$ cat my_file-v6.pdb   # PDB, C-alpha atoms, pLDDT in the B column
ATOM      1  CA  MET A 688     -76.192  60.865  20.097  1.00 54.00           C
ATOM      2  CA  LYS A 689     -77.011  57.239  19.425  1.00 68.00           C
ATOM      3  CA  THR A 690     -74.566  54.602  20.644  1.00 71.00           C
ATOM      4  CA  ILE A 691     -73.704  51.796  18.242  1.00 77.00           C
ATOM      5  CA  PRO A 692     -71.520  48.874  19.332  1.00 71.00           C
ATOM      6  CA  ARG A 693     -68.901  47.572  16.892  1.00 73.00           C
ATOM      7  CA  ARG A 694     -66.858  44.424  17.306  1.00 72.00           C
ATOM      8  CA  ILE A 695     -63.839  43.737  15.140  1.00 70.00           C
ATOM      9  CA  VAL A 696     -62.697  40.144  15.484  1.00 67.00           C
ATOM     10  CA  THR A 697     -59.903  40.188  12.951  1.00 70.00           C
ATOM     11  CA  GLY A 698     -56.890  40.504  15.146  1.00 76.00           C
ATOM     12  CA  VAL A 699     -54.278  37.785  15.389  1.00 82.00           C
ATOM     13  CA  ARG A 700     -51.761  37.424  18.203  1.00 86.00           C
ATOM     14  CA  ASN A 701     -49.348  34.497  18.416  1.00 90.00           C
ATOM     15  CA  GLY A 702     -51.227  32.745  15.596  1.00 87.00           C
ATOM     16  CA  LYS A 703     -54.581  32.898  17.455  1.00 89.00           C
ATOM     17  CA  SER A 704     -57.626  35.009  16.631  1.00 85.00           C
ATOM     18  CA  ILE A 705     -58.396  37.734  19.146  1.00 84.00           C
ATOM     19  CA  ILE A 706     -61.108  40.335  19.724  1.00 84.00           C
ATOM     20  CA  GLU A 707     -59.209  43.357  18.550  1.00 80.00           C
ATOM     21  CA  LYS A 708     -61.833  45.994  19.374  1.00 79.00           C
ATOM     22  CA  ASP A 709     -65.050  45.841  21.383  1.00 81.00           C
ATOM     23  CA  ALA A 710     -66.293  49.374  21.776  1.00 80.00           C
ATOM     24  CA  LEU A 711     -68.891  51.892  20.726  1.00 79.00           C
ATOM     25  CA  VAL A 712     -68.521  53.425  17.291  1.00 80.00           C
ATOM     26  CA  ALA A 713     -66.836  56.819  17.543  1.00 78.00           C
ATOM     27  CA  ASN A 714     -68.004  58.265  14.232  1.00 81.00           C
ATOM     28  CA  VAL A 715     -71.734  58.849  14.612  1.00 85.00           C
ATOM     29  CA  SER A 716     -73.189  61.967  13.031  1.00 85.00           C
ATOM     30  CA  GLU A 717     -76.535  63.661  12.614  1.00 86.00           C
ATOM     31  CA  HIS A 718     -76.507  65.516   9.275  1.00 79.00           C
ATOM     32  CA  PHE A 719     -80.193  66.431   9.494  1.00 82.00           C
ATOM     33  CA  PRO A 720     -82.392  66.265  12.626  1.00 86.00           C
ATOM     34  CA  GLY A 721     -82.929  62.577  13.418  1.00 88.00           C
ATOM     35  CA  LEU A 722     -80.901  61.316  10.418  1.00 88.00           C
ATOM     36  CA  ILE A 723     -78.203  59.378  12.228  1.00 89.00           C
ATOM     37  CA  ILE A 724     -75.380  57.839  10.230  1.00 89.00           C
ATOM     38  CA  SER A 725     -72.386  55.803  11.226  1.00 88.00           C
ATOM     39  CA  ASP A 726     -69.980  54.646   8.567  1.00 86.00           C
ATOM     40  CA  ILE A 727     -68.807  51.470  10.280  1.00 86.00           C
ATOM     41  CA  TRP A 728     -66.209  50.103   7.868  1.00 87.00           C
ATOM     42  CA  SER A 729     -64.782  50.707   4.437  1.00 88.00           C
ATOM     43  CA  THR A 730     -62.378  48.967   2.102  1.00 90.00           C
ATOM     44  CA  ASP A 731     -60.540  50.243  -0.951  1.00 90.00           C
ATOM     45  CA  SER A 732     -59.470  47.066  -2.723  1.00 90.00           C
ATOM     46  CA  MET A 733     -60.703  43.726  -4.024  1.00 86.00           C
ATOM     47  CA  PRO A 734     -59.714  41.303  -2.763  1.00 89.00           C
ATOM     48  CA  VAL A 735     -59.836  43.018   0.623  1.00 87.00           C
ATOM     49  CA  ARG A 736     -56.689  43.438   2.726  1.00 83.00           C
ATOM     50  CA  LEU A 737     -57.774  41.934   6.057  1.00 80.00           C
ATOM     51  CA  ASN A 738     -55.027  43.594   8.082  1.00 76.00           C
ATOM     52  CA  GLU A 739     -56.081  47.172   7.256  1.00 77.00           C
ATOM     53  CA  GLU A 740     -58.696  49.492   8.693  1.00 75.00           C
ATOM     54  CA  LYS A 741     -59.650  52.431   6.493  1.00 75.00           C
ATOM     55  CA  VAL A 742     -60.853  55.219   8.759  1.00 74.00           C
ATOM     56  CA  ILE A 743     -63.705  57.096   7.093  1.00 76.00           C
ATOM     57  CA  GLU A 744     -65.648  60.238   7.886  1.00 78.00           C
ATOM     58  CA  ASN A 745     -69.438  60.077   8.004  1.00 76.00           C
ATOM     59  CA  THR A 746     -71.150  61.817   5.123  1.00 75.00           C
ATOM     60  CA  ALA A 747     -74.831  62.296   4.345  1.00 72.00           C
ATOM     61  CA  PHE A 748     -74.268  60.578   0.991  1.00 73.00           C
ATOM     62  CA  PRO A 749     -71.608  57.858   0.903  1.00 75.00           C
ATOM     63  CA  HIS A 750     -68.417  58.045  -1.132  1.00 77.00           C
ATOM     64  CA  THR A 751     -67.629  54.403  -1.820  1.00 82.00           C
ATOM     65  CA  PRO A 752     -63.938  54.019  -2.729  1.00 84.00           C
ATOM     66  CA  GLN A 753     -63.070  52.746  -6.183  1.00 87.00           C
ATOM     67  CA  ASN A 754     -62.833  48.924  -6.022  1.00 90.00           C
ATOM     68  CA  GLY A 755     -64.055  49.182  -2.446  1.00 89.00           C
ATOM     69  CA  SER A 756     -66.958  48.775  -0.091  1.00 91.00           C
ATOM     70  CA  TYR A 757     -68.805  50.787   2.514  1.00 89.00           C
ATOM     71  CA  PHE A 758     -70.688  49.467   5.550  1.00 92.00           C
ATOM     72  CA  ARG A 759     -73.056  51.957   7.087  1.00 91.00           C
ATOM     73  CA  TYR A 760     -75.702  52.210   9.805  1.00 92.00           C
ATOM     74  CA  VAL A 761     -78.533  54.623   8.993  1.00 93.00           C
ATOM     75  CA  GLN A 762     -81.441  55.789  11.139  1.00 94.00           C
ATOM     76  CA  ILE A 763     -83.981  57.597   8.953  1.00 94.00           C
ATOM     77  CA  PRO A 764     -86.511  59.772  10.773  1.00 94.00           C
ATOM     78  CA  PRO A 765     -90.084  60.305   9.591  1.00 95.00           C
ATOM     79  CA  ASP A 766     -90.387  62.561   6.536  1.00 92.00           C
ATOM     80  CA  ALA A 767     -92.560  64.954   8.549  1.00 91.00           C
ATOM     81  CA  SER A 768     -89.799  65.595  11.093  1.00 90.00           C
ATOM     82  CA  LEU A 769     -87.393  66.483   8.256  1.00 85.00           C
ATOM     83  CA  GLY A 770     -89.950  68.776   6.628  1.00 84.00           C
ATOM     84  CA  ILE A 771     -90.017  66.615   3.493  1.00 83.00           C
ATOM     85  CA  VAL A 772     -93.141  66.945   1.402  1.00 83.00           C
ATOM     86  CA  ALA A 773     -93.397  64.832  -1.733  1.00 78.00           C
ATOM     87  CA  ALA A 774     -95.908  66.432  -4.081  1.00 79.00           C
ATOM     88  CA  GLU A 775     -98.102  64.005  -6.000  1.00 80.00           C
ATOM     89  CA  GLY A 776     -96.805  63.431  -9.518  1.00 79.00           C
ATOM     90  CA  GLU A 777     -93.414  64.993  -8.722  1.00 82.00           C
ATOM     91  CA  PRO A 778     -90.171  63.115  -7.993  1.00 85.00           C
ATOM     92  CA  HIS A 779     -89.388  62.640  -4.310  1.00 81.00           C
ATOM     93  CA  PRO A 780     -87.072  65.495  -3.229  1.00 81.00           C
ATOM     94  CA  LEU A 781     -84.430  63.008  -2.022  1.00 83.00           C
ATOM     95  CA  MET A 782     -84.179  61.002  -5.262  1.00 85.00           C
ATOM     96  CA  HIS A 783     -80.565  60.102  -5.946  1.00 85.00           C
ATOM     97  CA  GLN A 784     -78.412  57.577  -7.756  1.00 86.00           C
ATOM     98  CA  THR A 785     -75.059  56.055  -6.853  1.00 83.00           C
ATOM     99  CA  ASP A 786     -72.514  53.951  -8.733  1.00 86.00           C
ATOM    100  CA  THR A 787     -72.862  51.116  -6.232  1.00 90.00           C
ATOM    101  CA  LEU A 788     -74.448  47.755  -5.660  1.00 93.00           C
ATOM    102  CA  ASP A 789     -76.181  48.070  -2.275  1.00 94.00           C
ATOM    103  CA  TYR A 790     -77.256  45.296   0.094  1.00 97.00           C
ATOM    104  CA  ILE A 791     -79.697  46.797   2.590  1.00 97.00           C
ATOM    105  CA  VAL A 792     -81.380  45.153   5.581  1.00 97.00           C
ATOM    106  CA  ILE A 793     -84.194  46.891   7.433  1.00 97.00           C
ATOM    107  CA  LEU A 794     -83.562  46.329  11.153  1.00 96.00           C
ATOM    108  CA  SER A 795     -86.537  48.184  12.618  1.00 96.00           C
ATOM    109  CA  GLY A 796     -89.393  50.423  11.623  1.00 97.00           C
ATOM    110  CA  GLU A 797     -90.664  50.764   8.085  1.00 98.00           C
ATOM    111  CA  ILE A 798     -89.813  52.805   5.041  1.00 97.00           C
ATOM    112  CA  TYR A 799     -90.862  53.133   1.416  1.00 96.00           C
ATOM    113  CA  LEU A 800     -88.301  52.522  -1.295  1.00 96.00           C
ATOM    114  CA  ILE A 801     -89.262  54.792  -4.196  1.00 94.00           C
ATOM    115  CA  VAL A 802     -87.967  54.349  -7.751  1.00 93.00           C
ATOM    116  CA  ASP A 803     -88.842  56.241 -10.926  1.00 90.00           C
ATOM    117  CA  GLU A 804     -91.854  54.050 -11.650  1.00 91.00           C
ATOM    118  CA  GLY A 805     -93.123  52.619  -8.389  1.00 92.00           C
ATOM    119  CA  GLU A 806     -92.544  52.120  -4.707  1.00 94.00           C
ATOM    120  CA  THR A 807     -92.676  49.358  -2.111  1.00 97.00           C
ATOM    121  CA  LEU A 808     -93.101  49.323   1.653  1.00 98.00           C
ATOM    122  CA  LEU A 809     -90.202  47.730   3.523  1.00 98.00           C
ATOM    123  CA  GLN A 810     -90.419  46.515   7.117  1.00 98.00           C
ATOM    124  CA  ALA A 811     -88.067  45.003   9.686  1.00 97.00           C
ATOM    125  CA  GLY A 812     -86.358  41.933   8.255  1.00 97.00           C
ATOM    126  CA  ASP A 813     -86.800  42.966   4.616  1.00 98.00           C
ATOM    127  CA  ILE A 814     -83.780  42.939   2.317  1.00 97.00           C
ATOM    128  CA  VAL A 815     -83.116  45.148  -0.702  1.00 97.00           C
ATOM    129  CA  VAL A 816     -80.588  44.663  -3.473  1.00 96.00           C
ATOM    130  CA  GLN A 817     -80.261  48.134  -4.999  1.00 93.00           C
ATOM    131  CA  ARG A 818     -78.344  48.054  -8.291  1.00 91.00           C
ATOM    132  CA  GLY A 819     -77.353  51.655  -8.974  1.00 87.00           C
ATOM    133  CA  THR A 820     -80.794  52.934  -9.945  1.00 89.00           C
ATOM    134  CA  ASN A 821     -82.469  56.234  -9.176  1.00 90.00           C
ATOM    135  CA  HIS A 822     -84.207  55.905  -5.791  1.00 92.00           C
ATOM    136  CA  ALA A 823     -85.316  57.618  -2.578  1.00 92.00           C
ATOM    137  CA  TRP A 824     -86.284  56.557   0.947  1.00 93.00           C
ATOM    138  CA  SER A 825     -89.542  57.868   2.411  1.00 94.00           C
ATOM    139  CA  ASN A 826     -90.410  57.238   6.052  1.00 95.00           C
ATOM    140  CA  ARG A 827     -94.142  57.948   6.285  1.00 94.00           C
ATOM    141  CA  SER A 828     -94.515  56.492   9.775  1.00 96.00           C
ATOM    142  CA  ASP A 829     -94.153  58.183  13.169  1.00 95.00           C
ATOM    143  CA  LEU A 830     -91.022  56.197  14.146  1.00 96.00           C
ATOM    144  CA  PRO A 831     -87.450  56.094  12.824  1.00 96.00           C
ATOM    145  CA  CYS A 832     -86.402  53.329  10.454  1.00 97.00           C
ATOM    146  CA  ILE A 833     -83.025  51.696  11.055  1.00 96.00           C
ATOM    147  CA  GLN A 834     -81.180  50.026   8.223  1.00 96.00           C
ATOM    148  CA  LEU A 835     -77.772  48.513   7.614  1.00 96.00           C
ATOM    149  CA  ALA A 836     -76.305  49.013   4.166  1.00 95.00           C
ATOM    150  CA  ILE A 837     -73.303  47.501   2.439  1.00 95.00           C
ATOM    151  CA  LEU A 838     -72.329  49.422  -0.694  1.00 93.00           C
ATOM    152  CA  LEU A 839     -69.980  47.940  -3.282  1.00 93.00           C
ATOM    153  CA  ASP A 840     -68.274  49.960  -5.994  1.00 91.00           C
ATOM    154  CA  ALA A 841     -69.858  49.148  -9.354  1.00 90.00           C
ATOM    155  CA  PHE A 842     -69.747  50.077 -13.017  1.00 82.00           C
ATOM    156  CA  ARG A 843     -72.654  52.208 -14.220  1.00 68.00           C
ATOM    157  CA  PHE A 844     -74.693  50.354 -16.772  1.00 64.00           C
ATOM    158  CA  GLN A 845     -76.962  51.695 -19.435  1.00 61.00           C
ATOM    159  CA  ILE A 846     -80.307  50.110 -20.152  1.00 57.00           C
ATOM    160  CA  LEU A 847     -81.415  50.418 -23.734  1.00 53.00           C
ATOM    161  CA  ASP A 848     -85.138  50.579 -24.485  1.00 52.00           C
TER     162      ASP A 848
END
$ encode --input "my_file-v6.pdb" --output "structure tokens"
Amino acid sequence: MKTIPRRIVTGVRNGKSIIEKDALVANVSEHFPGLIISDIWSTDSMPVRLNEEKVIENTAFPHTPQNGSYFRYVQIPPDASLGIVAAEGEPHPLMHQTDTLDYIVILSGEIYLIVDEGETLLQAGDIVVQRGTNHAWSNRSDLPCIQLAILLDAFRFQILD
């Protein structure tokens, strides 16, 4: 399984900041072959309580706490290795929608972000602000794509035509 380092520099001892934890992430899972997820950190309040760590279980689809946030590492394998075939003119089989505002940074590889009416190729260094819309990720390359995502609880909005 993939090793992911995590540093938490929020500890305080005798009024001085300390490195509280410097270790590999313990909660790394592979829900589908090559789809590696690690839910690094989560909060359940705004403003955030800095002295609390909310231990969370990895899930294929995140469950962002109400008034909270979710920080996750995701390695997405090529569609072909997952057996995903997106038929022309049909919605991508992994289309989904969440009640979150997502900040996503592509760390390595490339991936297509697909929405109901369009798609765009994302590469290392690209940033996405995903505002609760229907979307899917499609890795059409031969290499995994690694992304970091921060999901914030949000109110669902309705767009009127």
$ axis_aligned_box --input "my_file-v6.pdb" --around "region 753-766 of chain A" --padding-each-side "6 Å" --output "lines of an AutoDock Vina configuration file"
center_x = -76.6
center_y = 55.7
center_z = 2.5
size_x = 39.6
size_y = 25.8
size_z = 29.3
$ closest_atom_pairs --input "my_file-v6.pdb" --of "region 740-771 of chain A" --to "region 778-781 of chain A" --cutoff "12 Å" --atoms "all atoms listed in the file" --output "tab-separated table"
residue	atom	partner	partner_atom	distance
A:Ala747	CA	A:Leu781	CA	11.5
A:Phe748	CA	A:Leu781	CA	10.9
A:Asp766	CA	A:Leu781	CA	10.4
A:Leu769	CA	A:Leu781	CA	11.2
A:Gly770	CA	A:Pro780	CA	10.8
A:Ile771	CA	A:Pro780	CA	7.4
$ closest_residue --input "my_file-v6.pdb" --among "A:Pro734, A:Leu835, A:Pro765, A:Glu739" --to "Gly812 (chain A)" --atoms "only C-alpha atoms"
A:Leu835
$ residues_around --input "my_file-v6.pdb" --residues "Lys708 (chain A)" --least-positions-apart "5" --cutoff "12 Å" --atoms "all atoms listed in the file" --output "PyMOL selection string"
chain A and resi 692-699+740
$ atom_distance --input "my_file-v6.pdb" --atom1 "CA of Gln810 (chain A)" --atom2 "CA of Pro720 (chain A)"
22.0 Å
$ closest_residue --input "my_file-v6.pdb" --among "A:Val815, A:Ala767, A:Thr807, A:Thr820" --to "Met782 (chain A)" --atoms "only C-alpha atoms"
A:Thr820
$ closest_residue --input "my_file-v6.pdb" --among "A:Asp803, A:Glu717, A:Asp813, A:Glu777" --to "Gln834 (chain A)" --atoms "only C-alpha atoms"
A:Asp813
